[in-house]
Amino acid sequence: MSAEVGLYGAAVAAAAATYFWRGFGVAVGGRLDPNGLLFEWFAAVAYAILAALVVRLVVFPSGELREIALAVRLGACAAALGTYLLFGRSLFAGCFAAAAVIAAAASGVLS
Amino acid sequence: MVADDTLPELGPRGALLAGARAAALAPALVLGASYVGFGSLVGAHELSLGFALFNTLTAWALPGQVVLVELYLAGSGVLAIMLAVGLANMRLAPMTVAMMPLVASPGRPAWRLYASAFFVAVTCWAMTMAQAPNLARRDRLSWFIGCSLVLWAASLVGTIVGFYAAAELPVSLTLALVFLNPVYFLLLFLQSTQGARDATRLVALLSGGALCVPAHLYSPEWSLLIAGLGGGTLAALYRFALVRR
């Protein structure tokens, strides 16, 4: 039972830490001039952080994805990009291609 | 953004449905599949389904959810978990800041913005940022909510499926599902640079991505923040130089 309490305690703490940034964003964003440089800066930081997040998830993953070679992970991204462009900018096709590369490589490495 | 008030209004209901339709199918499937990865992570370590759903309901943002589970399993305390999740989700602050001027309408109460901010997460944020210029100002918040509700529902379904399938899914498939998340983001951001007024977003994406590698080698905890502030500042300077010219 106490393990269960700890688990939900951690989840509540995580929820508070997550909403904190969203609420903060509303408080600040509502006061900014959308044509001003400060707003441009916040928006650019958002895009830069997200790009960094993608690079971190691909280049420095956590957990079992580390078992897949970096070259394969990058290859999967290249396959996604190529397929995306080839199929008329279809997100679905691109994602499918990447998943297929990872699944094929993983069944080779792990079996 | 100049044509704001000349676009025809869909009304709250119409805009909600239009947002929901935009999220249905491809985005919902891909995000749902990413959440199958999350659900199976929880299931594989025999944490409860109630916990997984509670977490997807109250702290909907995948990277922070993965941090929560991994740290909990590692035996970290509540305070350490709170700080690590906060750090992992710090990106939500500049994202929300960037979206607010697009979705806020003069004369509408602020609590609506605070309530909707609960749904700010990468997929619906990127879709709304891309779609907002094509929507009347008063429709945008409803469009965002409609889009978010469908994606949120898909995430909950994905969590349940993943939890029960954890034992049945081959590891190779789980890994492929986990990897869907960054690939989907990559393509989504690429798409959101199309039709942008100038290359500022592209500069931000490229420099943020490039800076992540050295930043991570220097400090894994702070790499996102360093790369984000560095890349974002570069892009803002680029924009500043464009405007000045």
# chains A, B, ... in the order shown; residues from 1 in each chain; ligands from 1
>>> residues_around(residues="region 94-106 of chain A", least_positions_apart="6", cutoff="6 Å", atoms="only C-alpha atoms", output="ChimeraX atom specification")
/A:76,79-80,83-84 /B:172-173,176
>>> closest_atom_pairs(of="chain B", to="chain A", cutoff="7 Å", atoms="only C-alpha atoms", output="CSV")
residue,atom,partner,partner_atom,distance
B:Ala26,CA,A:Phe92,CA,5.8
B:Phe51,CA,A:Tyr8,CA,6.6
B:Asn55,CA,A:Ala11,CA,6.0
B:Thr58,CA,A:Ala15,CA,5.5
B:Ala59,CA,A:Ala15,CA,4.5
B:Leu68,CA,A:Ala14,CA,6.9
B:Val78,CA,A:Ala10,CA,5.2
B:Ile81,CA,A:Ala10,CA,6.7
B:Met82,CA,A:Ala14,CA,5.3
B:Val85,CA,A:Ala14,CA,5.9
B:Gly86,CA,A:Ala17,CA,4.7
B:Asn89,CA,A:Thr18,CA,6.0
B:Met90,CA,A:Trp21,CA,6.1
B:Arg91,CA,A:Ala46,CA,6.3
B:Leu92,CA,A:Trp21,CA,5.7
B:Ala93,CA,A:Gly25,CA,4.5
B:Pro94,CA,A:Ala46,CA,5.1
B:Met95,CA,A:Ala46,CA,5.1
B:Thr96,CA,A:Gly25,CA,4.7
B:Val97,CA,A:Gly29,CA,4.0
B:Ala98,CA,A:Ala43,CA,4.8
B:Met100,CA,A:Gly29,CA,5.4
B:Pro101,CA,A:Pro34,CA,5.8
B:Leu113,CA,A:Val26,CA,6.8
B:Tyr114,CA,A:Gly23,CA,6.1
B:Ala117,CA,A:Arg22,CA,5.6
B:Phe118,CA,A:Tyr19,CA,6.4
B:Ser172,CA,A:Ala106,CA,4.8
B:Leu173,CA,A:Ala103,CA,5.5
B:Leu175,CA,A:Leu65,CA,6.2
B:Ala176,CA,A:Ala99,CA,4.7
B:Leu177,CA,A:Ala99,CA,6.7
B:Phe179,CA,A:Ala99,CA,6.9
B:Leu180,CA,A:Cys95,CA,6.2
B:Pro182,CA,A:Val54,CA,5.0
B:Val183,CA,A:Cys95,CA,6.3
B:Tyr184,CA,A:Cys95,CA,6.1
B:Phe185,CA,A:Val54,CA,6.9
B:Leu186,CA,A:Val54,CA,6.6
B:Leu187,CA,A:Leu91,CA,6.4
B:Arg201,CA,A:Ala44,CA,6.3
B:Ala204,CA,A:Ala48,CA,4.8
B:Leu205,CA,A:Ala48,CA,4.8
B:Ser207,CA,A:Ala48,CA,6.8
B:Gly208,CA,A:Ala48,CA,4.0
B:Gly209,CA,A:Ala52,CA,4.3
B:Cys212,CA,A:Ala52,CA,5.1
B:Leu224,CA,A:Ile49,CA,5.6
B:Leu225,CA,A:Ile49,CA,6.7
B:Ala227,CA,A:Ala52,CA,6.3
B:Gly228,CA,A:Ile49,CA,4.0
B:Leu229,CA,A:Val45,CA,5.6
B:Gly231,CA,A:Ala48,CA,5.4
B:Gly232,CA,A:Val45,CA,3.8
B:Thr233,CA,A:Trp41,CA,6.3
B:Ala235,CA,A:Ala44,CA,6.1
B:Ala236,CA,A:Trp41,CA,5.0
>>> write_last_selection(atoms="C-alpha atoms", output="PDB file, in the first residue's frame")
ATOM      1  CA  ALA B  26      -2.501  10.264 -38.683  1.00  0.00           C
ATOM      2  CA  PHE B  51      -1.097   5.141 -12.182  1.00  0.00           C
ATOM      3  CA  ASN B  55      -0.261  10.318 -15.185  1.00  0.00           C
ATOM      4  CA  THR B  58      -2.796  14.948 -15.216  1.00  0.00           C
ATOM      5  CA  ALA B  59       0.667  15.475 -16.725  1.00  0.00           C
ATOM      6  CA  LEU B  68       8.757   9.997 -13.879  1.00  0.00           C
ATOM      7  CA  VAL B  78       9.380  12.710  -4.615  1.00  0.00           C
ATOM      8  CA  ILE B  81      11.283  13.392  -9.266  1.00  0.00           C
ATOM      9  CA  MET B  82       9.500  16.741  -9.185  1.00  0.00           C
ATOM     10  CA  VAL B  85      10.155  16.247 -14.408  1.00  0.00           C
ATOM     11  CA  GLY B  86      10.104  20.035 -14.120  1.00  0.00           C
ATOM     12  CA  ASN B  89       9.106  19.831 -19.186  1.00  0.00           C
ATOM     13  CA  MET B  90      10.584  23.312 -19.021  1.00  0.00           C
ATOM     14  CA  ARG B  91      10.085  23.589 -22.790  1.00  0.00           C
ATOM     15  CA  LEU B  92       6.337  23.945 -22.100  1.00  0.00           C
ATOM     16  CA  ALA B  93       6.939  27.504 -20.806  1.00  0.00           C
ATOM     17  CA  PRO B  94       8.334  29.091 -24.018  1.00  0.00           C
ATOM     18  CA  MET B  95       5.891  26.978 -26.064  1.00  0.00           C
ATOM     19  CA  THR B  96       2.927  28.369 -24.110  1.00  0.00           C
ATOM     20  CA  VAL B  97       4.318  31.906 -24.266  1.00  0.00           C
ATOM     21  CA  ALA B  98       4.640  31.609 -28.056  1.00  0.00           C
ATOM     22  CA  MET B 100      -0.776  32.721 -26.197  1.00  0.00           C
ATOM     23  CA  PRO B 101      -0.733  35.846 -28.419  1.00  0.00           C
ATOM     24  CA  LEU B 113      -6.292  30.435 -21.288  1.00  0.00           C
ATOM     25  CA  TYR B 114      -5.104  28.990 -17.977  1.00  0.00           C
ATOM     26  CA  ALA B 117      -2.765  25.646 -21.239  1.00  0.00           C
ATOM     27  CA  PHE B 118      -3.209  22.290 -19.515  1.00  0.00           C
ATOM     28  CA  SER B 172      11.744  -4.894 -31.297  1.00  0.00           C
ATOM     29  CA  LEU B 173       8.221  -3.498 -31.746  1.00  0.00           C
ATOM     30  CA  LEU B 175      11.544   0.008 -29.406  1.00  0.00           C
ATOM     31  CA  ALA B 176      10.119   0.991 -32.791  1.00  0.00           C
ATOM     32  CA  LEU B 177       7.112   2.572 -31.034  1.00  0.00           C
ATOM     33  CA  PHE B 179      11.378   5.750 -31.540  1.00  0.00           C
ATOM     34  CA  LEU B 180       8.235   7.026 -33.308  1.00  0.00           C
ATOM     35  CA  PRO B 182      11.270  11.841 -32.074  1.00  0.00           C
ATOM     36  CA  VAL B 183      10.730  10.927 -35.733  1.00  0.00           C
ATOM     37  CA  TYR B 184       7.193  12.272 -35.649  1.00  0.00           C
ATOM     38  CA  PHE B 185       8.374  15.497 -34.003  1.00  0.00           C
ATOM     39  CA  LEU B 186      11.131  15.850 -36.610  1.00  0.00           C
ATOM     40  CA  LEU B 187       8.658  15.661 -39.495  1.00  0.00           C
ATOM     41  CA  ARG B 201      11.865  29.019 -37.213  1.00  0.00           C
ATOM     42  CA  ALA B 204      15.934  28.052 -34.475  1.00  0.00           C
ATOM     43  CA  LEU B 205      15.365  24.365 -35.268  1.00  0.00           C
ATOM     44  CA  SER B 207      20.814  25.691 -34.419  1.00  0.00           C
ATOM     45  CA  GLY B 208      18.962  24.188 -31.448  1.00  0.00           C
ATOM     46  CA  GLY B 209      19.426  20.686 -32.869  1.00  0.00           C
ATOM     47  CA  CYS B 212      22.263  19.831 -28.438  1.00  0.00           C
ATOM     48  CA  LEU B 224      18.003  21.127 -23.688  1.00  0.00           C
ATOM     49  CA  LEU B 225      18.011  24.451 -21.902  1.00  0.00           C
ATOM     50  CA  ALA B 227      20.709  24.407 -26.728  1.00  0.00           C
ATOM     51  CA  GLY B 228      17.279  26.064 -26.568  1.00  0.00           C
ATOM     52  CA  LEU B 229      18.518  29.381 -25.177  1.00  0.00           C
ATOM     53  CA  GLY B 231      19.687  28.353 -30.654  1.00  0.00           C
ATOM     54  CA  GLY B 232      16.674  30.527 -29.865  1.00  0.00           C
ATOM     55  CA  THR B 233      18.846  33.587 -29.261  1.00  0.00           C
ATOM     56  CA  ALA B 235      17.353  32.801 -34.394  1.00  0.00           C
ATOM     57  CA  ALA B 236      15.986  35.915 -32.669  1.00  0.00           C
TER      58      ALA B 236
END
>>> residues_around(residues="Leu47 (chain B)", least_positions_apart="2", cutoff="10 Å", atoms="only C-alpha atoms", output="MDAnalysis selection string")
(chainID A and resid 3:4 7) or (chainID B and resid 39 41:45 49:52 69 73 163)
>>> atom_distance(atom1="CA of Met129 (chain B)", atom2="CA of Thr193 (chain B)")
10.1 Å
>>> atom_distance(atom1="CA of Leu25 (chain B)", atom2="CA of Glu9 (chain B)")
24.7 Å
>>> atom_distance(atom1="CA of Thr6 (chain B)", atom2="CA of Val122 (chain B)")
28.6 Å
>>> select_by_dssp(residues="region 3-87 of chain A", states="helix (DSSP H, G or I)", output="ChimeraX atom specification")
/A:3-29,37-59,63-67,70-86
>>> decode(residues="chain A", atoms="C-alpha atoms", output="JSON list (two decimals), in the first residue's frame")
[["chain", "number", "residue", "atom", "x", "y", "z"],
["A", 1, "MET", "CA", 0.00, 0.00, 0.00],
["A", 2, "SER", "CA", 2.75, 2.48, 0.90],
["A", 3, "ALA", "CA", 4.41, 1.76, -2.45],
["A", 4, "GLU", "CA", 1.13, 2.69, -4.12],
["A", 5, "VAL", "CA", 0.97, 5.93, -2.07],
["A", 6, "GLY", "CA", 4.54, 6.75, -3.09],
["A", 7, "LEU", "CA", 3.72, 6.08, -6.72],
["A", 8, "TYR", "CA", 0.73, 8.45, -6.74],
["A", 9, "GLY", "CA", 2.62, 11.00, -4.65],
["A", 10, "ALA", "CA", 5.28, 11.04, -7.33],
["A", 11, "ALA", "CA", 2.61, 11.36, -10.04],
["A", 12, "VAL", "CA", 0.97, 14.34, -8.28],
["A", 13, "ALA", "CA", 4.39, 16.00, -7.92],
["A", 14, "ALA", "CA", 5.04, 15.37, -11.62],
["A", 15, "ALA", "CA", 1.66, 16.89, -12.54],
["A", 16, "ALA", "CA", 2.39, 20.01, -10.49],
["A", 17, "ALA", "CA", 5.86, 20.37, -12.03],
["A", 18, "THR", "CA", 4.32, 19.99, -15.50],
["A", 19, "TYR", "CA", 1.46, 22.47, -15.10],
["A", 20, "PHE", "CA", 3.79, 24.99, -13.45],
["A", 21, "TRP", "CA", 5.48, 25.76, -16.80],
["A", 22, "ARG", "CA", 2.20, 25.93, -18.69],
["A", 23, "GLY", "CA", 0.70, 28.38, -16.17],
["A", 24, "PHE", "CA", 3.91, 30.38, -16.20],
["A", 25, "GLY", "CA", 3.69, 30.51, -20.01],
["A", 26, "VAL", "CA", 0.14, 31.95, -19.88],
["A", 27, "ALA", "CA", 1.10, 34.56, -17.27],
["A", 28, "VAL", "CA", 4.07, 35.76, -19.33],
["A", 29, "GLY", "CA", 2.64, 35.20, -22.82],
["A", 30, "GLY", "CA", -0.47, 37.27, -22.11],
["A", 31, "ARG", "CA", 1.66, 40.34, -21.39],
["A", 32, "LEU", "CA", 3.93, 40.21, -24.43],
["A", 33, "ASP", "CA", 3.52, 42.18, -27.64],
["A", 34, "PRO", "CA", 3.20, 39.56, -30.40],
["A", 35, "ASN", "CA", 5.09, 41.83, -32.78],
["A", 36, "GLY", "CA", 7.92, 42.52, -30.34],
["A", 37, "LEU", "CA", 11.40, 41.06, -30.27],
["A", 38, "LEU", "CA", 10.92, 39.45, -26.84],
["A", 39, "PHE", "CA", 8.01, 37.40, -28.20],
["A", 40, "GLU", "CA", 10.11, 36.38, -31.23],
["A", 41, "TRP", "CA", 12.81, 35.26, -28.82],
["A", 42, "PHE", "CA", 10.45, 33.09, -26.73],
["A", 43, "ALA", "CA", 9.04, 31.47, -29.86],
["A", 44, "ALA", "CA", 12.52, 30.81, -31.24],
["A", 45, "VAL", "CA", 13.63, 29.30, -27.90],
["A", 46, "ALA", "CA", 10.60, 26.99, -28.02],
["A", 47, "TYR", "CA", 11.50, 25.71, -31.48],
["A", 48, "ALA", "CA", 15.20, 25.38, -30.58],
["A", 49, "ILE", "CA", 14.41, 23.38, -27.40],
["A", 50, "LEU", "CA", 12.12, 21.05, -29.36],
["A", 51, "ALA", "CA", 14.78, 20.46, -32.02],
["A", 52, "ALA", "CA", 17.27, 19.74, -29.24],
["A", 53, "LEU", "CA", 14.76, 17.31, -27.69],
["A", 54, "VAL", "CA", 14.52, 15.41, -30.98],
["A", 55, "VAL", "CA", 18.31, 15.27, -31.32],
["A", 56, "ARG", "CA", 18.65, 14.08, -27.71],
["A", 57, "LEU", "CA", 16.03, 11.35, -28.14],
["A", 58, "VAL", "CA", 17.76, 10.13, -31.32],
["A", 59, "VAL", "CA", 21.46, 10.58, -30.46],
["A", 60, "PHE", "CA", 21.41, 10.07, -26.67],
["A", 61, "PRO", "CA", 18.35, 7.88, -25.97],
["A", 62, "SER", "CA", 17.63, 6.34, -22.60],
["A", 63, "GLY", "CA", 16.69, 2.74, -21.92],
["A", 64, "GLU", "CA", 16.81, -0.09, -24.40],
["A", 65, "LEU", "CA", 17.07, 2.11, -27.49],
["A", 66, "ARG", "CA", 20.77, 2.39, -26.62],
["A", 67, "GLU", "CA", 21.14, -1.20, -27.86],
["A", 68, "ILE", "CA", 20.40, 0.03, -31.37],
["A", 69, "ALA", "CA", 23.52, 1.46, -33.04],
["A", 70, "LEU", "CA", 23.62, 5.24, -33.56],
["A", 71, "ALA", "CA", 24.08, 4.70, -37.32],
["A", 72, "VAL", "CA", 20.82, 2.71, -37.42],
["A", 73, "ARG", "CA", 18.96, 5.40, -35.46],
["A", 74, "LEU", "CA", 20.24, 8.09, -37.83],
["A", 75, "GLY", "CA", 19.44, 5.83, -40.79],
["A", 76, "ALA", "CA", 15.87, 5.48, -39.52],
["A", 77, "CYS", "CA", 15.55, 9.29, -39.43],
["A", 78, "ALA", "CA", 16.93, 9.54, -42.97],
["A", 79, "ALA", "CA", 14.46, 6.86, -44.10],
["A", 80, "ALA", "CA", 11.65, 8.84, -42.45],
["A", 81, "LEU", "CA", 12.67, 12.06, -44.20],
["A", 82, "GLY", "CA", 13.04, 10.37, -47.60],
["A", 83, "THR", "CA", 9.73, 8.54, -47.34],
["A", 84, "TYR", "CA", 7.98, 11.67, -46.07],
["A", 85, "LEU", "CA", 9.11, 13.66, -49.12],
["A", 86, "LEU", "CA", 8.51, 10.79, -51.54],
["A", 87, "PHE", "CA", 4.91, 10.27, -50.39],
["A", 88, "GLY", "CA", 3.79, 13.86, -50.75],
["A", 89, "ARG", "CA", 4.79, 15.03, -47.24],
["A", 90, "SER", "CA", 2.91, 12.25, -45.48],
["A", 91, "LEU", "CA", 3.77, 12.15, -41.75],
["A", 92, "PHE", "CA", 2.28, 8.71, -41.53],
["A", 93, "ALA", "CA", 4.47, 7.21, -44.29],
["A", 94, "GLY", "CA", 7.61, 8.79, -42.82],
["A", 95, "CYS", "CA", 6.90, 7.46, -39.32],
["A", 96, "PHE", "CA", 6.11, 4.02, -40.65],
["A", 97, "ALA", "CA", 9.45, 3.85, -42.51],
["A", 98, "ALA", "CA", 11.42, 4.81, -39.39],
["A", 99, "ALA", "CA", 9.55, 2.30, -37.23],
["A", 100, "ALA", "CA", 10.21, -0.43, -39.80],
["A", 101, "VAL", "CA", 13.96, 0.28, -39.81],
["A", 102, "ILE", "CA", 14.15, 0.21, -35.99],
["A", 103, "ALA", "CA", 12.02, -2.92, -35.67],
["A", 104, "ALA", "CA", 14.08, -4.76, -38.31],
["A", 105, "ALA", "CA", 17.38, -3.73, -36.71],
["A", 106, "ALA", "CA", 16.11, -4.55, -33.21],
["A", 107, "SER", "CA", 14.96, -8.04, -34.12],
["A", 108, "GLY", "CA", 18.40, -8.63, -35.65],
["A", 109, "VAL", "CA", 20.34, -7.28, -32.63],
["A", 110, "LEU", "CA", 18.23, -8.75, -29.86],
["A", 111, "SER", "CA", 17.46, -12.22, -31.21]]
